[in-house]
$ cat coords-v3.txt   # compact mmCIF, C-alpha atoms (C1' of nucleotides)
# COMPACT_ATOMS: atom_id res chain seq x y z
CA MET A 280 243.97 33.04 160.34
CA VAL A 281 243.98 31.07 157.16
CA PRO A 282 240.86 31.90 155.13
CA PRO A 283 241.08 35.59 154.21
CA ALA A 284 244.02 37.97 154.27
CA SER A 285 245.13 37.84 157.89
CA PRO A 286 245.35 41.06 159.88
CA LYS A 287 249.04 40.49 160.51
CA PRO A 288 251.04 39.09 157.59
CA LEU A 289 252.74 35.97 158.93
CA ARG A 290 256.46 35.66 158.89
CA ALA A 291 257.73 33.43 156.08
CA ASP A 292 258.92 31.11 158.79
CA THR A 293 255.55 30.74 160.42
CA GLU A 294 253.63 30.38 157.22
CA ARG A 295 255.67 27.40 156.15
CA THR A 296 255.17 25.76 159.51
CA VAL A 297 251.42 26.32 159.47
CA ARG A 298 251.10 24.87 156.01
CA ALA A 299 253.27 21.91 156.91
CA ILE A 300 251.08 21.21 159.91
CA LEU A 301 247.84 21.48 157.95
CA GLU A 302 249.13 19.22 155.21
CA ALA A 303 250.42 16.71 157.72
CA ALA A 304 247.14 16.82 159.59
CA GLU A 305 245.28 16.06 156.38
CA ARG A 306 247.50 13.09 155.58
CA VAL A 307 247.54 11.64 159.07
CA LEU A 308 243.92 12.22 159.93
CA SER A 309 242.64 10.84 156.64
CA ALA A 310 244.50 7.64 157.45
CA ASN A 311 243.32 7.61 161.06
CA PRO A 312 240.77 10.17 162.28
CA ALA A 313 241.73 9.41 165.88
CA ALA A 314 245.40 10.20 165.37
CA THR A 315 247.10 12.17 168.13
CA MET A 316 248.65 15.61 167.98
CA GLU A 317 252.00 13.95 168.45
CA GLN A 318 251.57 11.91 165.28
CA ILE A 319 250.52 14.97 163.35
CA ALA A 320 253.47 16.96 164.66
CA GLU A 321 255.84 14.17 163.76
CA ALA A 322 254.43 13.96 160.23
CA ALA A 323 254.84 17.71 159.90
CA GLY A 324 258.43 17.54 161.09
CA VAL A 325 257.88 19.84 164.04
CA ALA A 326 257.67 19.49 167.80
CA ARG A 327 254.32 18.84 169.37
CA THR A 328 254.55 22.07 171.32
CA THR A 329 254.85 24.00 168.09
CA VAL A 330 251.55 22.61 166.91
CA HIS A 331 249.97 23.77 170.14
CA ARG A 332 251.49 27.19 169.73
CA ARG A 333 249.90 27.59 166.30
CA PHE A 334 246.59 25.92 167.13
CA ALA A 335 245.28 26.38 170.62
CA SER A 336 243.59 22.99 170.70
CA ARG A 337 243.00 19.91 168.67
CA GLU A 338 239.56 21.26 167.92
CA ALA A 339 241.06 24.49 166.63
CA LEU A 340 243.40 22.60 164.36
CA ILE A 341 240.60 20.62 162.80
CA ALA A 342 238.51 23.74 162.46
CA ALA A 343 241.35 25.48 160.65
CA LEU A 344 241.74 22.45 158.43
CA ALA A 345 238.05 22.50 157.61
CA ALA A 346 238.17 26.22 156.95
CA TRP A 347 241.08 25.80 154.59
CA ALA A 348 239.39 22.98 152.69
CA THR A 349 236.11 24.84 152.55
CA GLN A 350 237.85 27.78 150.94
CA ARG A 351 239.38 25.52 148.31
CA PHE A 352 236.02 23.87 147.80
CA HIS A 353 234.40 27.22 147.27
CA GLU A 354 237.01 28.28 144.74
CA ALA A 355 236.63 24.99 142.90
CA VAL A 356 232.89 25.45 142.49
CA GLU A 357 233.02 29.15 141.64
CA ALA A 358 235.68 28.60 139.02
CA ALA A 359 233.19 26.50 137.08
CA ARG A 360 230.75 29.46 136.84
CA PRO A 361 227.83 27.24 137.82
CA GLN A 362 225.25 29.99 137.37
CA THR A 363 226.20 31.27 133.95
CA ALA A 364 227.82 28.44 132.04
CA PRO A 365 225.52 25.97 130.25
CA PRO A 366 224.42 23.59 133.02
CA ALA A 367 225.83 20.44 131.45
CA VAL A 368 229.18 22.14 130.99
CA ALA A 369 229.10 23.50 134.50
CA LEU A 370 228.32 20.06 135.86
CA TYR A 371 231.41 18.67 134.24
CA GLN A 372 233.61 21.55 135.31
CA VAL A 373 232.41 21.46 138.89
CA THR A 374 233.01 17.73 138.98
CA ALA A 375 236.55 18.00 137.73
CA ASN A 376 237.42 20.94 139.96
CA VAL A 377 235.95 19.45 143.09
CA LEU A 378 237.60 16.12 142.40
CA ARG A 379 240.97 17.81 142.22
CA VAL A 380 240.46 19.39 145.63
CA LYS A 381 238.86 16.39 147.24
CA ILE A 382 241.66 14.07 146.25
CA GLY A 383 244.13 16.09 148.27
CA TRP A 384 241.88 17.18 151.12
CA GLY A 385 239.48 14.32 151.61
CA PHE A 386 239.54 14.27 155.37
CA ALA A 387 239.18 18.00 155.81
CA MET A 388 236.20 18.03 153.47
CA GLY A 389 234.60 15.15 155.26
CA ALA A 390 235.08 16.56 158.74
CA LEU A 391 232.87 19.52 158.04
CA PRO A 392 230.87 19.74 161.27
CA THR A 393 232.27 23.21 161.76
CA ASP A 394 230.59 25.75 163.96
CA ALA A 395 232.68 28.70 162.91
CA PRO A 396 230.30 31.36 161.59
CA GLU A 397 232.31 32.41 158.56
CA VAL A 398 233.13 28.90 157.43
CA ALA A 399 229.58 27.66 157.81
CA ARG A 400 228.39 30.50 155.64
CA VAL A 401 230.82 29.70 152.85
CA HIS A 402 229.91 26.06 153.04
CA ALA A 403 226.19 26.77 152.90
CA ASP A 404 226.93 29.03 149.96
CA VAL A 405 228.60 26.24 148.05
CA LEU A 406 225.77 23.83 148.78
CA ALA A 407 223.26 26.38 147.54
CA ARG A 408 225.24 26.79 144.31
CA CYS A 409 225.11 23.03 143.80
CA ALA A 410 221.40 22.94 144.46
CA GLN A 411 220.88 25.74 141.95
CA LEU A 412 222.95 23.92 139.40
CA PHE A 413 220.70 20.90 139.70
CA VAL A 414 217.65 23.07 139.21
CA ARG A 415 219.22 24.48 136.09
CA LEU A 416 220.02 20.97 134.90
CA ARG A 417 216.39 20.00 135.30
CA ASP A 418 215.13 23.13 133.60
CA ALA A 419 217.47 22.50 130.71
CA GLY A 420 216.06 19.01 130.24
CA VAL A 421 219.25 17.24 131.21
CA LEU A 422 217.31 15.82 134.14
CA PRO A 423 213.66 14.75 133.80
CA PRO A 424 211.08 17.21 135.17
CA GLY A 425 210.02 14.92 137.99
CA THR A 426 213.53 14.32 139.28
CA ASP A 427 214.00 14.16 143.05
CA LEU A 428 216.70 16.80 143.27
CA ASP A 429 217.70 15.84 146.79
CA TRP A 430 218.35 12.26 145.78
CA ALA A 431 220.16 13.48 142.67
CA ARG A 432 222.42 15.72 144.68
CA ARG A 433 223.23 12.99 147.16
CA VAL A 434 223.99 10.48 144.46
CA TYR A 435 226.26 13.05 142.86
CA TYR A 436 228.17 13.61 146.11
CA ALA A 437 228.48 9.88 146.67
CA LEU A 438 229.89 9.36 143.19
CA ILE A 439 232.43 12.12 143.66
CA HIS A 440 233.40 10.63 146.98
CA GLU A 441 233.93 7.23 145.42
CA ALA A 442 235.84 8.64 142.50
CA ALA A 443 238.15 10.62 144.76
CA ILE A 444 239.42 7.40 146.27
CA GLN A 445 241.11 6.48 143.00
CA ALA A 446 243.33 9.50 143.49
CA PRO A 447 245.05 10.08 140.18
CA GLU A 448 247.58 12.87 140.03
CA ASP A 449 247.76 13.77 136.36
CA ASP A 450 245.20 15.85 134.54
CA ALA A 451 244.30 13.24 131.95
CA ALA A 452 243.25 10.72 134.56
CA LEU A 453 241.37 13.40 136.42
CA ASP A 454 239.36 14.30 133.34
CA ALA A 455 238.64 10.65 132.74
CA LEU A 456 237.39 10.33 136.29
CA ALA A 457 235.17 13.38 136.00
CA THR A 458 233.74 12.03 132.78
CA ARG A 459 233.00 8.74 134.42
CA VAL A 460 231.26 10.42 137.35
CA VAL A 461 229.04 12.56 135.13
CA ASP A 462 228.32 9.64 132.87
CA THR A 463 227.37 7.34 135.69
CA LEU A 464 225.26 10.03 137.28
CA LEU A 465 223.27 10.64 134.12
CA HIS A 466 223.08 7.16 132.59
CA GLY A 467 223.99 4.64 135.26
CA ILE A 468 226.00 1.57 134.45
CA GLY A 469 223.34 -0.60 132.86
CA THR A 470 222.93 -1.55 129.23
CA PRO A 471 220.92 1.25 127.57
CA THR A 472 218.71 -1.12 125.59
CA ALA A 473 217.85 -3.22 128.65
CA GLY A 474 214.71 -2.68 130.66
CA MET B 18 230.09 -15.57 171.38
CA VAL B 19 227.48 -14.22 169.09
CA PRO B 20 227.86 -15.69 165.61
CA PRO B 21 227.36 -19.46 165.96
CA ALA B 22 225.89 -21.52 168.76
CA SER B 23 228.02 -20.54 171.76
CA PRO B 24 229.76 -23.29 173.70
CA LYS B 25 227.92 -22.31 176.86
CA PRO B 26 224.30 -21.26 176.43
CA LEU B 27 224.02 -17.85 178.05
CA ARG B 28 221.60 -17.26 180.83
CA ALA B 29 218.44 -15.48 179.70
CA ASP B 30 219.54 -12.61 181.86
CA THR B 31 222.91 -12.23 180.24
CA GLU B 32 221.64 -12.59 176.73
CA ARG B 33 219.27 -9.67 177.15
CA THR B 34 222.04 -7.54 178.57
CA VAL B 35 224.43 -8.38 175.78
CA ARG B 36 221.86 -7.56 173.15
CA ALA B 37 220.95 -4.33 174.88
CA ILE B 38 224.59 -3.32 174.94
CA LEU B 39 225.15 -4.17 171.29
CA GLU B 40 222.05 -2.29 170.22
CA ALA B 41 222.96 0.70 172.34
CA ALA B 42 226.49 0.64 170.98
CA GLU B 43 225.13 0.71 167.46
CA ARG B 44 222.90 3.69 168.18
CA VAL B 45 225.43 5.69 170.14
CA LEU B 46 228.45 4.95 167.97
CA SER B 47 226.62 5.69 164.75
CA ALA B 48 225.82 9.12 166.16
CA ASN B 49 229.34 9.63 167.46
CA PRO B 50 232.10 7.12 166.67
CA ALA B 51 234.19 8.53 169.50
CA ALA B 52 231.54 7.97 172.14
CA THR B 53 232.74 6.61 175.47
CA MET B 54 231.91 3.31 177.12
CA GLU B 55 230.01 5.29 179.72
CA GLN B 56 227.68 6.75 177.09
CA ILE B 57 227.11 3.33 175.60
CA ALA B 58 226.38 1.83 179.01
CA GLU B 59 223.97 4.61 179.81
CA ALA B 60 222.14 4.13 176.52
CA ALA B 61 221.92 0.41 177.24
CA GLY B 62 220.54 1.08 180.71
CA VAL B 63 223.34 -0.75 182.48
CA ALA B 64 226.33 0.22 184.57
CA ARG B 65 229.61 0.86 182.87
CA THR B 66 231.23 -1.99 184.78
CA THR B 67 228.72 -4.41 183.34
CA VAL B 68 229.80 -3.51 179.85
CA HIS B 69 233.37 -4.23 180.83
CA ARG B 70 232.35 -7.54 182.32
CA ARG B 71 230.78 -8.63 179.03
CA PHE B 72 233.37 -7.15 176.72
CA ALA B 73 236.94 -7.16 177.92
CA SER B 74 237.81 -3.94 176.13
CA ARG B 75 236.37 -1.28 173.92
CA GLU B 76 238.08 -3.01 171.02
CA ALA B 77 236.37 -6.27 171.92
CA LEU B 78 232.98 -4.58 172.01
CA ILE B 79 233.41 -3.11 168.56
CA ALA B 80 234.71 -6.40 167.24
CA ALA B 81 231.63 -8.18 168.60
CA LEU B 82 229.45 -5.52 167.05
CA ALA B 83 231.14 -6.00 163.70
CA ALA B 84 230.82 -9.75 163.99
CA TRP B 85 227.13 -9.47 164.71
CA ALA B 86 226.51 -7.14 161.80
CA THR B 87 228.60 -9.26 159.47
CA GLN B 88 226.47 -12.26 160.29
CA ARG B 89 223.30 -10.33 159.52
CA PHE B 90 224.89 -9.04 156.33
CA HIS B 91 225.74 -12.56 155.29
CA GLU B 92 222.22 -13.78 155.93
CA ALA B 93 220.79 -10.85 153.98
CA VAL B 94 222.84 -11.67 150.90
CA GLU B 95 222.37 -15.42 151.07
CA ALA B 96 218.62 -15.08 151.44
CA ALA B 97 218.53 -13.50 147.99
CA ARG B 98 220.07 -16.64 146.43
CA PRO B 99 222.50 -14.51 144.40
CA GLN B 100 223.97 -17.50 142.55
CA THR B 101 220.82 -19.21 141.40
CA ALA B 102 218.09 -16.60 141.03
CA PRO B 103 217.98 -14.62 137.77
CA PRO B 104 220.65 -11.94 138.23
CA ALA B 105 218.32 -8.97 137.87
CA VAL B 106 216.00 -10.45 140.46
CA ALA B 107 218.88 -11.27 142.77
CA LEU B 108 220.17 -7.73 142.45
CA TYR B 109 216.88 -6.38 143.64
CA GLN B 110 216.54 -8.88 146.46
CA VAL B 111 220.06 -8.33 147.70
CA THR B 112 219.50 -4.61 147.64
CA ALA B 113 216.31 -4.79 149.66
CA ASN B 114 217.71 -7.28 152.17
CA VAL B 115 220.96 -5.43 152.70
CA LEU B 116 219.14 -2.14 153.03
CA ARG B 117 217.02 -3.55 155.81
CA VAL B 118 220.10 -4.64 157.73
CA LYS B 119 222.14 -1.56 157.01
CA ILE B 120 219.45 0.80 158.20
CA GLY B 121 219.62 -0.68 161.67
CA TRP B 122 223.32 -1.50 161.82
CA GLY B 123 225.00 1.21 159.80
CA PHE B 124 227.86 1.86 162.16
CA ALA B 125 228.70 -1.76 162.73
CA MET B 126 228.78 -2.40 159.00
CA GLY B 127 230.96 0.61 158.40
CA ALA B 128 233.45 -0.21 161.14
CA LEU B 129 234.48 -3.43 159.49
CA PRO B 130 238.26 -3.29 159.92
CA THR B 131 238.02 -6.52 161.88
CA ASP B 132 240.98 -8.82 162.34
CA ALA B 133 239.03 -11.72 163.77
CA PRO B 134 239.70 -14.72 161.53
CA GLU B 135 236.17 -16.07 161.42
CA VAL B 136 234.54 -12.74 160.78
CA ALA B 137 236.96 -11.73 158.07
CA ARG B 138 236.23 -14.99 156.27
CA VAL B 139 232.48 -14.42 156.32
CA HIS B 140 232.94 -10.87 155.16
CA ALA B 141 235.20 -11.90 152.30
CA ASP B 142 232.62 -14.51 151.42
CA VAL B 143 229.90 -11.92 151.11
CA LEU B 144 232.07 -9.66 148.97
CA ALA B 145 232.85 -12.56 146.67
CA ARG B 146 229.14 -13.29 146.29
CA CYS B 147 228.55 -9.69 145.28
CA ALA B 148 231.37 -9.77 142.79
CA GLN B 149 229.95 -12.97 141.29
CA LEU B 150 226.56 -11.40 141.06
CA PHE B 151 227.98 -8.54 139.02
CA VAL B 152 229.67 -10.99 136.70
CA ARG B 153 226.34 -12.74 136.22
CA LEU B 154 224.68 -9.40 135.56
CA ARG B 155 227.20 -8.66 132.84
CA ASP B 156 226.90 -12.10 131.30
CA ALA B 157 223.14 -11.75 131.26
CA GLY B 158 223.39 -8.49 129.35
CA VAL B 159 222.03 -6.33 132.13
CA LEU B 160 225.42 -4.64 132.20
CA PRO B 161 227.36 -3.92 128.99
CA PRO B 162 230.21 -6.32 128.21
CA GLY B 163 232.91 -3.72 128.77
CA THR B 164 231.67 -2.65 132.19
CA ASP B 165 234.29 -1.89 134.81
CA LEU B 166 232.96 -4.24 137.48
CA ASP B 167 235.00 -2.68 140.23
CA TRP B 168 233.54 0.74 139.59
CA ALA B 169 230.09 -0.79 139.26
CA ARG B 170 230.39 -2.52 142.61
CA ARG B 171 231.63 0.60 144.33
CA VAL B 172 228.85 2.72 142.85
CA TYR B 173 226.40 0.12 144.05
CA TYR B 174 227.75 0.20 147.59
CA ALA B 175 227.71 3.98 147.61
CA LEU B 176 224.08 4.07 146.49
CA ILE B 177 223.07 1.61 149.18
CA HIS B 178 224.93 3.66 151.73
CA GLU B 179 223.13 6.82 150.64
CA ALA B 180 219.78 5.12 150.55
CA ALA B 181 220.23 3.69 154.03
CA ILE B 182 220.38 7.21 155.44
CA GLN B 183 216.70 7.72 154.59
CA ALA B 184 215.93 4.98 157.09
CA PRO B 185 212.30 4.05 156.48
CA GLU B 186 210.82 1.48 158.80
CA ASP B 187 207.92 0.03 156.85
CA ASP B 188 208.28 -2.51 154.06
CA ALA B 189 206.63 -0.41 151.38
CA ALA B 190 209.13 2.41 151.76
CA LEU B 191 211.95 -0.09 151.86
CA ASP B 192 210.89 -1.61 148.57
CA ALA B 193 210.59 1.84 147.07
CA LEU B 194 214.11 2.61 148.22
CA ALA B 195 215.50 -0.60 146.80
CA THR B 196 213.79 0.13 143.50
CA ARG B 197 215.30 3.55 143.43
CA VAL B 198 218.78 2.22 144.13
CA VAL B 199 218.61 -0.40 141.39
CA ASP B 200 217.09 2.07 138.99
CA THR B 201 219.71 4.71 139.64
CA LEU B 202 222.46 2.14 139.38
CA LEU B 203 221.31 0.91 136.00
CA HIS B 204 219.99 4.07 134.38
CA GLY B 205 221.30 7.04 136.33
CA ILE B 206 219.19 10.08 136.92
CA GLY B 207 219.45 11.79 133.55
CA THR B 208 216.79 12.14 130.87
CA PRO B 209 217.01 8.99 128.71
CA THR B 210 216.62 10.90 125.44
CA ALA B 211 219.32 13.39 126.33
CA GLY B 212 222.86 12.89 125.23
C1' DA C 285 214.09 -23.17 198.11
C1' DG C 286 218.78 -22.96 197.25
C1' DA C 287 222.98 -22.78 194.60
C1' DA C 288 225.04 -20.24 191.00
C1' DC C 289 225.41 -16.35 188.64
C1' DA C 290 224.55 -11.29 187.18
C1' DT C 291 224.15 -6.62 188.35
C1' DG C 292 224.83 -1.96 190.52
C1' DC C 293 227.66 0.84 193.13
C1' DA C 294 231.65 2.78 195.02
C1' DT C 295 236.42 2.83 194.72
C1' DC C 296 240.95 2.63 193.01
C1' DA C 297 244.76 2.32 189.64
C1' DT C 298 246.68 3.48 185.31
C1' DC C 299 247.53 5.42 181.03
C1' DG C 300 247.64 8.36 177.20
C1' DA C 301 246.39 12.73 175.28
C1' DT C 302 246.10 17.48 175.87
C1' DG C 303 247.80 21.76 177.05
C1' DT C 304 251.34 25.02 179.42
C1' DT C 305 255.73 27.16 180.51
C1' DG C 306 260.75 28.58 180.65
C1' DC C 307 264.86 28.71 178.36
C1' DA C 308 268.57 28.27 174.96
C1' DA C 309 269.44 28.31 170.12
C1' DG C 310 268.15 29.47 165.62
C1' DT C 311 265.73 32.36 161.90
C1' DC C 312 263.74 36.41 159.87
C1' DA C 313 263.19 41.24 158.66
C1' DT C 314 264.99 45.82 158.13
C1' DA D 292 273.93 43.69 162.89
C1' DT D 293 270.29 43.91 165.88
C1' DG D 294 265.89 43.30 167.83
C1' DA D 295 261.78 40.53 167.36
C1' DC D 296 260.08 36.36 166.66
C1' DT D 297 260.02 31.22 166.33
C1' DT D 298 261.42 26.71 167.37
C1' DG D 299 262.89 22.52 169.96
C1' DC D 300 263.37 20.50 174.23
C1' DA D 301 262.31 19.16 178.74
C1' DA D 302 259.40 19.27 182.40
C1' DC D 303 255.04 19.74 184.54
C1' DA D 304 250.02 19.75 185.39
C1' DT D 305 245.54 18.04 184.27
C1' DC D 306 241.86 15.36 182.70
C1' DG D 307 239.06 11.88 180.93
C1' DA D 308 238.73 7.15 179.48
C1' DT D 309 239.72 2.58 180.42
C1' DG D 310 239.85 -1.30 183.18
C1' DA D 311 239.73 -3.98 187.70
C1' DT D 312 237.76 -5.37 192.28
C1' DG D 313 234.85 -6.34 196.46
C1' DC D 314 230.48 -6.47 198.26
C1' DA D 315 225.52 -6.28 198.83
C1' DT D 316 221.48 -7.09 196.25
C1' DG D 317 218.74 -9.15 192.84
C1' DT D 318 217.73 -12.78 189.15
C1' DT D 319 217.83 -17.31 186.95
C1' DC D 320 217.75 -22.07 186.66
C1' DT D 321 216.81 -26.75 188.56
$ encode --input "coords-v3.txt" --output "structure tokens"
Amino acid sequence: MVPPASPKPLRADTERTVRAILEAAERVLSANPAATMEQIAEAAGVARTTVHRRFASREALIAALAAWATQRFHEAVEAARPQTAPPAVALYQVTANVLRVKIGWGFAMGALPTDAPEVARVHADVLARCAQLFVRLRDAGVLPPGTDLDWARRVYYALIHEAAIQAPEDDAALDALATRVVDTLLHGIGTPTAG
Amino acid sequence: MVPPASPKPLRADTERTVRAILEAAERVLSANPAATMEQIAEAAGVARTTVHRRFASREALIAALAAWATQRFHEAVEAARPQTAPPAVALYQVTANVLRVKIGWGFAMGALPTDAPEVARVHADVLARCAQLFVRLRDAGVLPPGTDLDWARRVYYALIHEAAIQAPEDDAALDALATRVVDTLLHGIGTPTAG
DNA sequence: AGAACATGCATCATCGATGTTGCAAGTCAT
DNA sequence: ATGACTTGCAACATCGATGATGCATGTTCT
């Protein structure tokens, strides 16, 4: 229902409710992944039955949440033009864009074990883009030729994950965070002259 | 029951069972944090009622698991003599020791929201040791004077967490992993000349 | 060997979460 | 304004997980 243009345009009423539920689910579940539908409904300001009317099951709700976040994730990466922009620039842009999304949708992006066909495809797509970006980084000399790209990618994800916990809301702080992530990724935190 | 010498020495029988349950819980819960007591019991090769006899509640089981892992964690850090060994050496030793523990007890170490008084104290102790180690690293010039120690510590944890997923079993691979973690922490993954 | 204890099994009780339905009242679109 | 849709509420049904118990059958320790 959420990802592309739905077959039937939702009533303004319904759309607000759905969004409220998804946002509430994100907040509540990120605080406690085992939270009940009741707690989510309460946080959304609706009755529990309404949640069940919109999402057939708890599983469906989480799937919708993941789909929503995946879409945002995809947009964030694509907006950085990771295949055409200079790799170092793209790295920074991707970092900043993804951070912005991840700060608000941390749970949904973490709970990605989705089995929906469409969503899985988009997600795989994004991962491939990231992998390609790292190849480009290596080819451009930003990363040494012998770099273990898998380790590099995982370190990158871990740094973004850590940075997202800071959760700043203004753009200046977000840029500072992105800078710190890229910097740490490339140069670590040690004294350059040491070693 | 587990951490120090128990008031009543368990029967050989019981001890084996308890250990089997804890180890099974680690395996099963790390694969699926929402696993049921039944699944844990099955993995341990005992009846579900036996688990309940040893651990009053699911909560108690997880608490015991956390306590056990915390103890191991503590030993791993202390064995590296983080306050007396040269900081760079201690960093490496702590990394290797903690990796060894974390590979086998990843869930238990992640599920640390424990409210047991004794356990919390030990855990806080370990964290303090780590913080001190980072101060020593900075004072020794391994880290630049202006380093944000909180960020440094969090990056370090994240790297260990990532590395522990590789899960090698032999010592050579473990040392290689530890080297990689320390190296990445200090120098990142970028080309040194770049910038 | 014998007392003390642990385990497996079957059984039962309970509890919370999930999911459904009917109806009255409210909201939206045209 | 009117018909279509949505929501809240209350009630109900179900289901799985948790936790407890009694008893027969091992297992351990001395």
$ interface_residues --input "coords-v3.txt" --of "chain C" --to "chain A" --cutoff "9 Å" --atoms "all atoms listed in the file" --output "ChimeraX atom specification"
/C:301-303,311-313
$ interface_residues --input "coords-v3.txt" --of "chain D" --to "chain A" --cutoff "9 Å" --atoms "all atoms listed in the file" --output "list in words"
DC296, DT297, DT298, DG299 and DC300 of chain D
$ atom_distance --input "coords-v3.txt" --atom1 "CA of Trp384 (chain A)" --atom2 "CA of Ala304 (chain A)"
10.0 Å
$ closest_atom_pairs --input "coords-v3.txt" --of "chain B" --to "chain A" --cutoff "10 Å" --atoms "all atoms listed in the file" --output "Markdown table"
| residue | atom | partner | partner_atom | distance |
| --- | --- | --- | --- | --- |
| B:Pro50 | CA | A:Ala313 | CA | 9.9 |
| B:Ala51 | CA | A:Ala313 | CA | 8.4 |
| B:Leu154 | CA | A:Gly469 | CA | 9.3 |
| B:Arg155 | CA | A:Gly469 | CA | 8.9 |
| B:Gly158 | CA | A:Thr470 | CA | 7.0 |
| B:Val159 | CA | A:Thr470 | CA | 5.7 |
| B:Leu160 | CA | A:Gly469 | CA | 4.6 |
| B:Pro161 | CA | A:Thr470 | CA | 5.0 |
| B:Pro162 | CA | A:Thr470 | CA | 8.8 |
| B:Thr164 | CA | A:Ile468 | CA | 7.4 |
| B:Asp165 | CA | A:Ile468 | CA | 9.0 |
| B:Leu166 | CA | A:Ile468 | CA | 9.6 |
| B:Trp168 | CA | A:Ala442 | CA | 8.7 |
| B:Ala169 | CA | A:Ile468 | CA | 6.7 |
| B:Arg171 | CA | A:Glu441 | CA | 7.1 |
| B:Val172 | CA | A:Leu438 | CA | 6.7 |
| B:Tyr173 | CA | A:Ile468 | CA | 9.7 |
| B:Tyr174 | CA | A:Glu441 | CA | 9.6 |
| B:Ala175 | CA | A:Ala437 | CA | 6.0 |
| B:Leu176 | CA | A:Val434 | CA | 6.7 |
| B:His178 | CA | A:Ala437 | CA | 8.8 |
| B:Glu179 | CA | A:Arg433 | CA | 7.1 |
| B:Ala180 | CA | A:Trp430 | CA | 8.7 |
| B:Arg197 | CA | A:Trp430 | CA | 9.5 |
| B:Val198 | CA | A:Val434 | CA | 9.8 |
| B:Val199 | CA | A:Gly467 | CA | 9.6 |
| B:Asp200 | CA | A:Gly467 | CA | 8.3 |
| B:Thr201 | CA | A:Gly467 | CA | 6.1 |
| B:Leu202 | CA | A:Gly467 | CA | 5.1 |
| B:Leu203 | CA | A:Gly469 | CA | 4.0 |
| B:His204 | CA | A:Gly467 | CA | 4.1 |
| B:Gly205 | CA | A:Gly467 | CA | 3.8 |
| B:Ile206 | CA | A:Leu465 | CA | 5.0 |
| B:Gly207 | CA | A:Leu465 | CA | 4.0 |
| B:Thr208 | CA | A:Leu422 | CA | 5.0 |
| B:Pro209 | CA | A:His466 | CA | 7.4 |
| B:Thr210 | CA | A:Val421 | CA | 9.0 |
| B:Ala211 | CA | A:Val421 | CA | 6.2 |
| B:Gly212 | CA | A:Val421 | CA | 8.2 |
$ closest_residue --input "coords-v3.txt" --among "A:Val356, A:Ala367, A:Leu378, A:Ala343" --to "Ala446 (chain A)" --atoms "only C-alpha atoms"
A:Leu378
$ residues_around --input "coords-v3.txt" --residues "Ile341 (chain A)" --least-positions-apart "2" --cutoff "10 Å" --atoms "only C-alpha atoms (C1' of nucleotides)" --output "list in words"
Leu301, Ala304, Glu305, Leu308, Phe334, Ser336, Arg337, Glu338, Ala339, Ala343, Leu344, Ala345, Ala346, Trp347, Phe386, Ala387, Ala390, Leu391, Pro392 and Thr393 of chain A
$ write_last_selection --input "coords-v3.txt" --atoms "C-alpha atoms" --output "PDB file, in the frame of the given file"
ATOM      1  CA  LEU A 301     247.840  21.480 157.950  1.00  0.00           C
ATOM      2  CA  ALA A 304     247.140  16.820 159.590  1.00  0.00           C
ATOM      3  CA  GLU A 305     245.280  16.060 156.380  1.00  0.00           C
ATOM      4  CA  LEU A 308     243.920  12.220 159.930  1.00  0.00           C
ATOM      5  CA  PHE A 334     246.590  25.920 167.130  1.00  0.00           C
ATOM      6  CA  SER A 336     243.590  22.990 170.700  1.00  0.00           C
ATOM      7  CA  ARG A 337     243.000  19.910 168.670  1.00  0.00           C
ATOM      8  CA  GLU A 338     239.560  21.260 167.920  1.00  0.00           C
ATOM      9  CA  ALA A 339     241.060  24.490 166.630  1.00  0.00           C
ATOM     10  CA  ALA A 343     241.350  25.480 160.650  1.00  0.00           C
ATOM     11  CA  LEU A 344     241.740  22.450 158.430  1.00  0.00           C
ATOM     12  CA  ALA A 345     238.050  22.500 157.610  1.00  0.00           C
ATOM     13  CA  ALA A 346     238.170  26.220 156.950  1.00  0.00           C
ATOM     14  CA  TRP A 347     241.080  25.800 154.590  1.00  0.00           C
ATOM     15  CA  PHE A 386     239.540  14.270 155.370  1.00  0.00           C
ATOM     16  CA  ALA A 387     239.180  18.000 155.810  1.00  0.00           C
ATOM     17  CA  ALA A 390     235.080  16.560 158.740  1.00  0.00           C
ATOM     18  CA  LEU A 391     232.870  19.520 158.040  1.00  0.00           C
ATOM     19  CA  PRO A 392     230.870  19.740 161.270  1.00  0.00           C
ATOM     20  CA  THR A 393     232.270  23.210 161.760  1.00  0.00           C
TER      21      THR A 393
END
$ atom_distance --input "coords-v3.txt" --atom1 "CA of Ala452 (chain A)" --atom2 "CA of Arg379 (chain A)"
10.7 Å
$ atom_distance --input "coords-v3.txt" --atom1 "CA of Ala348 (chain A)" --atom2 "CA of Val401 (chain A)"
10.9 Å
$ axis_aligned_box --input "coords-v3.txt" --around "region 311-318 of chain D" --padding-each-side "4 Å" --output "lines of an AutoDock Vina configuration file"
center_x = 228.7
center_y = -8.4
center_z = 193.3
size_x = 30.0
size_y = 16.8
size_z = 19.1
$ residues_around --input "coords-v3.txt" --residues "region 292-297 of chain C" --least-positions-apart "2" --cutoff "12 Å" --atoms "all atoms listed in the file" --output "compact mmCIF listing (two decimals) with C-alpha atoms (C1' of nucleotides), in the frame of the given file"
# COMPACT_ATOMS: atom_id res chain seq x y z
CA GLY B 62 220.54 1.08 180.71
CA VAL B 63 223.34 -0.75 182.48
CA ALA B 64 226.33 0.22 184.57
CA ARG B 65 229.61 0.86 182.87
CA THR B 66 231.23 -1.99 184.78
CA THR B 67 228.72 -4.41 183.34
CA VAL B 68 229.80 -3.51 179.85
C1' DA C 290 224.55 -11.29 187.18
C1' DC C 299 247.53 5.42 181.03
C1' DT D 309 239.72 2.58 180.42
C1' DG D 310 239.85 -1.30 183.18
C1' DA D 311 239.73 -3.98 187.70
C1' DT D 312 237.76 -5.37 192.28
C1' DG D 313 234.85 -6.34 196.46
C1' DC D 314 230.48 -6.47 198.26
C1' DA D 315 225.52 -6.28 198.83
C1' DT D 316 221.48 -7.09 196.25
C1' DG D 317 218.74 -9.15 192.84
